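J.: Can you keep this structure in mind? I'll have questions shortly.
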Amino acid sequence: MDDLGIAVVIEDDADVRNLLEGVLTQAGFEVHTAVDGRAGVEVVRSKQANVVTLDIGLPDIDGFEVLRRIRNFSNAYVVMLTGRTDEPDLLSALNAGADDYIAKPFRPRELRARVAAMLRRPRHEVTGHGLSPSHGGQVQAAASAQREPGVLQHNGLLLNHRTRTVEIKGEPLGLTRSEFDLLHVLLKGGGAVCTRADLVRAVRGEFYDRETYISEADERAVEVHVGNLRRKLKEDQLSPRWLQTVRGVGYRLAPRRPDDA
């Protein structure tokens with residue numbers, strides 16, 4: 001069995017904790033556990049965890065605060081476990097730096113699939129650095145970028161899939177993994193409508209195929225990601241430059257503007 005690294009389970013319910021420990025051990029992780037938030041932070045720090053499962057409802061400090069503390073020193077993949085799937089909870093988890101969430105009760109197979117999908121993605125968050133041309137060379141760089149494999153450009157936005165970087169008119173834009181993946185799918189669509197289910201699959205990775213059930217919570221999470229993405233893009237709600245809502249269906253790329261081509 002492959003050694004996938006260190007996993008830390010932060011969970012106060014003994015039954016759930018034992019289940020998580022068993023699932024992750026079988027998946028190939030060395031697993032450590034903690035029963036409250038403060039202890040969990042220290043275990044993640046001391047063991048240098050690669051993956052963390054984190055319950056929102058802990059007896060001392062809540063999972064959101066635990067996650068904020070972990071993000072001060074670790075870029076481990078973090079999966080939040082929650083019995084609540086309301087949008088404010090999802091928004092808080094994603095904004096605090098969670099990579100994914102799973103609603104309780106969950107199936108062990110689903111947890112393994114989610115963790116495996118995360119591990120197949122680049123470990124670092126997208127920062128936008130590495131593409132910024134000098135002001136004098138922006139036009140030339142943009143022209144050459146259009147010919148480079150993996151590069152997409154639309155209305156002044158340039159996305160490089162190989163380096164996982166994004167720029168708007170030469171200025172780097174910092175996105176999370178999920179925000180980057182959603183933007184990439186919409187840009188590739190070239191104006192075709194992407195349903196919420198399509199975007200869920202983009203975020204979840206290859207383990208969410210066409211036969212996988214897409215829950216309302218999954219679709220709400222996509223809406224949260226799109227909302228965060230729009231805020232970072234500073235979209236005009238009345239005249240969006242990049243992301244258009246197709247009511248009742250999903251989203252698509254806004255039409256190309258001649259002055260931004």
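So you can find residues: chains in the structure tokens are A, B, ... in the order shown, residues in each start at 1, and ligands are numbered from 1 in order.
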So which residues touch region 175-192 of chain A within 10 Å, counting only C-alpha atoms, skipping near sequence neighbours fewer than 6 positions away, as a ChimeraX atom specification?
T.: /A:94-95,97-100,118,121-128,150-154,157-161,164-166,198-205,222,224-230,232-233,242-244,251-256
J.: Tell me, as a list in words, which residues lie within 9 Å of Ser74 (chain A), counting only C-alpha atoms; anything in the same chain fewer than 5 positions away does not count.
T.: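 In the requested form, the answer reads Val44, Arg45, Gln48, Ala49, Asn50 and Arg69 of chain A.
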J.: Would you export the selected residues with N, CA and C atoms as a compact mmCIF listing (two decimals), in the first residue's frame, please?
T.:
```
# COMPACT_ATOMS: atom_id res chain seq x y z
N VAL A 44 -1.44 18.86 14.25
CA VAL A 44 -1.17 19.22 12.86
C VAL A 44 0.22 19.85 12.74
N ARG A 45 0.55 20.72 13.71
CA ARG A 45 1.85 21.40 13.70
C ARG A 45 3.00 20.42 13.93
N GLN A 48 3.26 17.72 11.12
CA GLN A 48 3.38 18.27 9.75
C GLN A 48 2.42 17.53 8.81
N ALA A 49 1.15 17.63 9.13
CA ALA A 49 0.11 16.88 8.42
C ALA A 49 0.01 17.28 6.96
N ASN A 50 -0.30 16.30 6.13
CA ASN A 50 -0.63 16.53 4.72
C ASN A 50 -2.12 16.72 4.51
N ARG A 69 -6.30 28.94 12.55
CA ARG A 69 -5.01 28.76 13.21
C ARG A 69 -4.10 27.84 12.40
```
J.: What is the CA of Leu81 (chain A) to CA of Ile10 (chain A) distance in Å?
T.: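 Separating CA of Leu81 (chain A) from CA of Ile10 (chain A) is a distance of 9.7 Å.
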J.: If you count only C-alpha atoms, which residues fall within 6 Å of region 21-38 of chain A, apart from same-chain ones fewer than 5 positions away, as a ChimeraX atom specification?
T.: /A:2-12,58,61,66
J.: Any chance you can output those residues with all heavy atoms as a CSV table (one decimal), in the first residue's frame?
T.:
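Result file is selection26.csv:
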```
chain,number,residue,atom,x,y,z
A,2,ASP,N,0.6,2.2,-0.8
A,2,ASP,CA,1.3,3.5,-0.9
A,2,ASP,C,1.2,4.2,0.4
A,2,ASP,O,0.2,4.3,1.0
A,2,ASP,CB,0.8,4.3,-2.1
A,2,ASP,CG,1.1,3.7,-3.4
A,2,ASP,OD1,2.0,2.8,-3.5
A,2,ASP,OD2,0.4,4.0,-4.4
A,3,ASP,N,2.3,4.9,0.8
A,3,ASP,CA,2.3,5.8,1.9
A,3,ASP,C,2.0,7.2,1.4
A,3,ASP,O,2.8,7.8,0.7
A,3,ASP,CB,3.7,5.8,2.6
A,3,ASP,CG,3.7,6.7,3.8
A,3,ASP,OD1,2.7,7.2,4.2
A,3,ASP,OD2,4.8,6.8,4.4
A,4,LEU,N,0.8,7.7,1.8
A,4,LEU,CA,0.3,8.9,1.3
A,4,LEU,C,0.7,10.1,2.2
A,4,LEU,O,0.4,11.2,1.9
A,4,LEU,CB,-1.2,8.9,1.1
A,4,LEU,CG,-1.7,7.9,0.1
A,4,LEU,CD1,-3.3,8.0,0.0
A,4,LEU,CD2,-1.1,8.1,-1.3
A,5,GLY,N,1.4,9.8,3.3
A,5,GLY,CA,1.8,10.9,4.2
A,5,GLY,C,1.0,10.9,5.5
A,5,GLY,O,0.5,9.8,6.0
A,6,ILE,N,0.9,12.0,6.2
A,6,ILE,CA,0.3,12.1,7.5
A,6,ILE,C,-1.1,12.7,7.4
A,6,ILE,O,-1.3,13.8,6.8
A,6,ILE,CB,1.2,13.1,8.4
A,6,ILE,CG1,2.7,12.6,8.4
A,6,ILE,CG2,0.6,13.1,9.8
A,6,ILE,CD1,2.9,11.2,9.0
A,7,ALA,N,-2.0,12.1,8.1
A,7,ALA,CA,-3.4,12.6,8.2
A,7,ALA,C,-3.7,12.8,9.7
A,7,ALA,O,-3.3,12.0,10.5
A,7,ALA,CB,-4.4,11.7,7.6
A,8,VAL,N,-4.4,13.9,10.0
A,8,VAL,CA,-4.8,14.2,11.3
A,8,VAL,C,-6.3,14.3,11.4
A,8,VAL,O,-6.9,15.0,10.6
A,8,VAL,CB,-4.2,15.5,11.9
A,8,VAL,CG1,-4.8,15.9,13.2
A,8,VAL,CG2,-2.7,15.3,12.0
A,9,VAL,N,-7.0,13.6,12.3
A,9,VAL,CA,-8.4,13.6,12.5
A,9,VAL,C,-8.7,14.4,13.7
A,9,VAL,O,-8.3,14.1,14.8
A,9,VAL,CB,-9.0,12.2,12.6
A,9,VAL,CG1,-10.5,12.2,13.0
A,9,VAL,CG2,-8.7,11.4,11.3
A,10,ILE,N,-9.5,15.5,13.6
A,10,ILE,CA,-9.9,16.3,14.7
A,10,ILE,C,-11.4,16.2,14.9
A,10,ILE,O,-12.1,16.8,14.1
A,10,ILE,CB,-9.5,17.8,14.5
A,10,ILE,CG1,-8.0,17.9,14.2
A,10,ILE,CG2,-9.8,18.6,15.8
A,10,ILE,CD1,-7.5,19.4,13.8
A,11,GLU,N,-11.8,15.4,15.9
A,11,GLU,CA,-13.2,15.0,16.0
A,11,GLU,C,-13.4,14.5,17.5
A,11,GLU,O,-12.7,13.7,18.0
A,11,GLU,CB,-13.5,13.8,15.0
A,11,GLU,CG,-14.8,13.2,15.2
A,11,GLU,CD,-15.9,14.1,14.9
A,11,GLU,OE1,-16.0,14.6,13.8
A,11,GLU,OE2,-16.8,14.3,15.8
A,12,ASP,N,-14.5,15.1,18.1
A,12,ASP,CA,-14.8,14.8,19.5
A,12,ASP,C,-15.7,13.5,19.6
A,12,ASP,O,-15.7,12.9,20.7
A,12,ASP,CB,-15.4,15.9,20.2
A,12,ASP,CG,-16.7,16.4,19.6
A,12,ASP,OD1,-16.9,16.4,18.4
A,12,ASP,OD2,-17.6,16.7,20.4
A,58,LEU,N,-16.7,21.5,17.8
A,58,LEU,CA,-15.8,20.9,18.7
A,58,LEU,C,-16.1,21.5,20.1
A,58,LEU,O,-16.7,22.6,20.2
A,58,LEU,CB,-14.3,21.2,18.3
A,58,LEU,CG,-13.9,20.5,17.0
A,58,LEU,CD1,-12.6,21.2,16.5
A,58,LEU,CD2,-13.7,19.0,17.2
A,61,ILE,N,-13.0,25.1,20.9
A,61,ILE,CA,-13.1,26.2,19.9
A,61,ILE,C,-13.7,25.6,18.6
A,61,ILE,O,-13.4,24.4,18.4
A,61,ILE,CB,-11.8,26.9,19.6
A,61,ILE,CG1,-10.7,25.8,19.2
A,61,ILE,CG2,-11.3,27.7,20.8
A,61,ILE,CD1,-9.4,26.4,18.9
A,66,VAL,N,-10.2,26.7,14.4
A,66,VAL,CA,-9.1,25.8,14.3
A,66,VAL,C,-8.5,25.9,12.9
A,66,VAL,O,-7.3,25.9,12.8
A,66,VAL,CB,-9.7,24.3,14.5
A,66,VAL,CG1,-8.6,23.3,14.2
A,66,VAL,CG2,-10.1,24.1,15.9
```
J.: Please report, as an MDAnalysis selection string, each residue of region 19-107 of chain A to which DSSP assigns alpha helix (DSSP H) when run on this structure's backbone.
T.: chainID A and resid 19:27 37:47 63:71 87:96
J.: If you count only C-alpha atoms, which residues fall within 9 Å of Leu67 (chain A), apart from same-chain ones fewer than 4 positions away, as a list in words?
T.: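 Listing them by chain and then by number gives Val41, Leu54, Asp62, Gly63, Arg71, Asn72, Val78, Met80, Ala93, Ala96, Gly97 and Ala98 of chain A.
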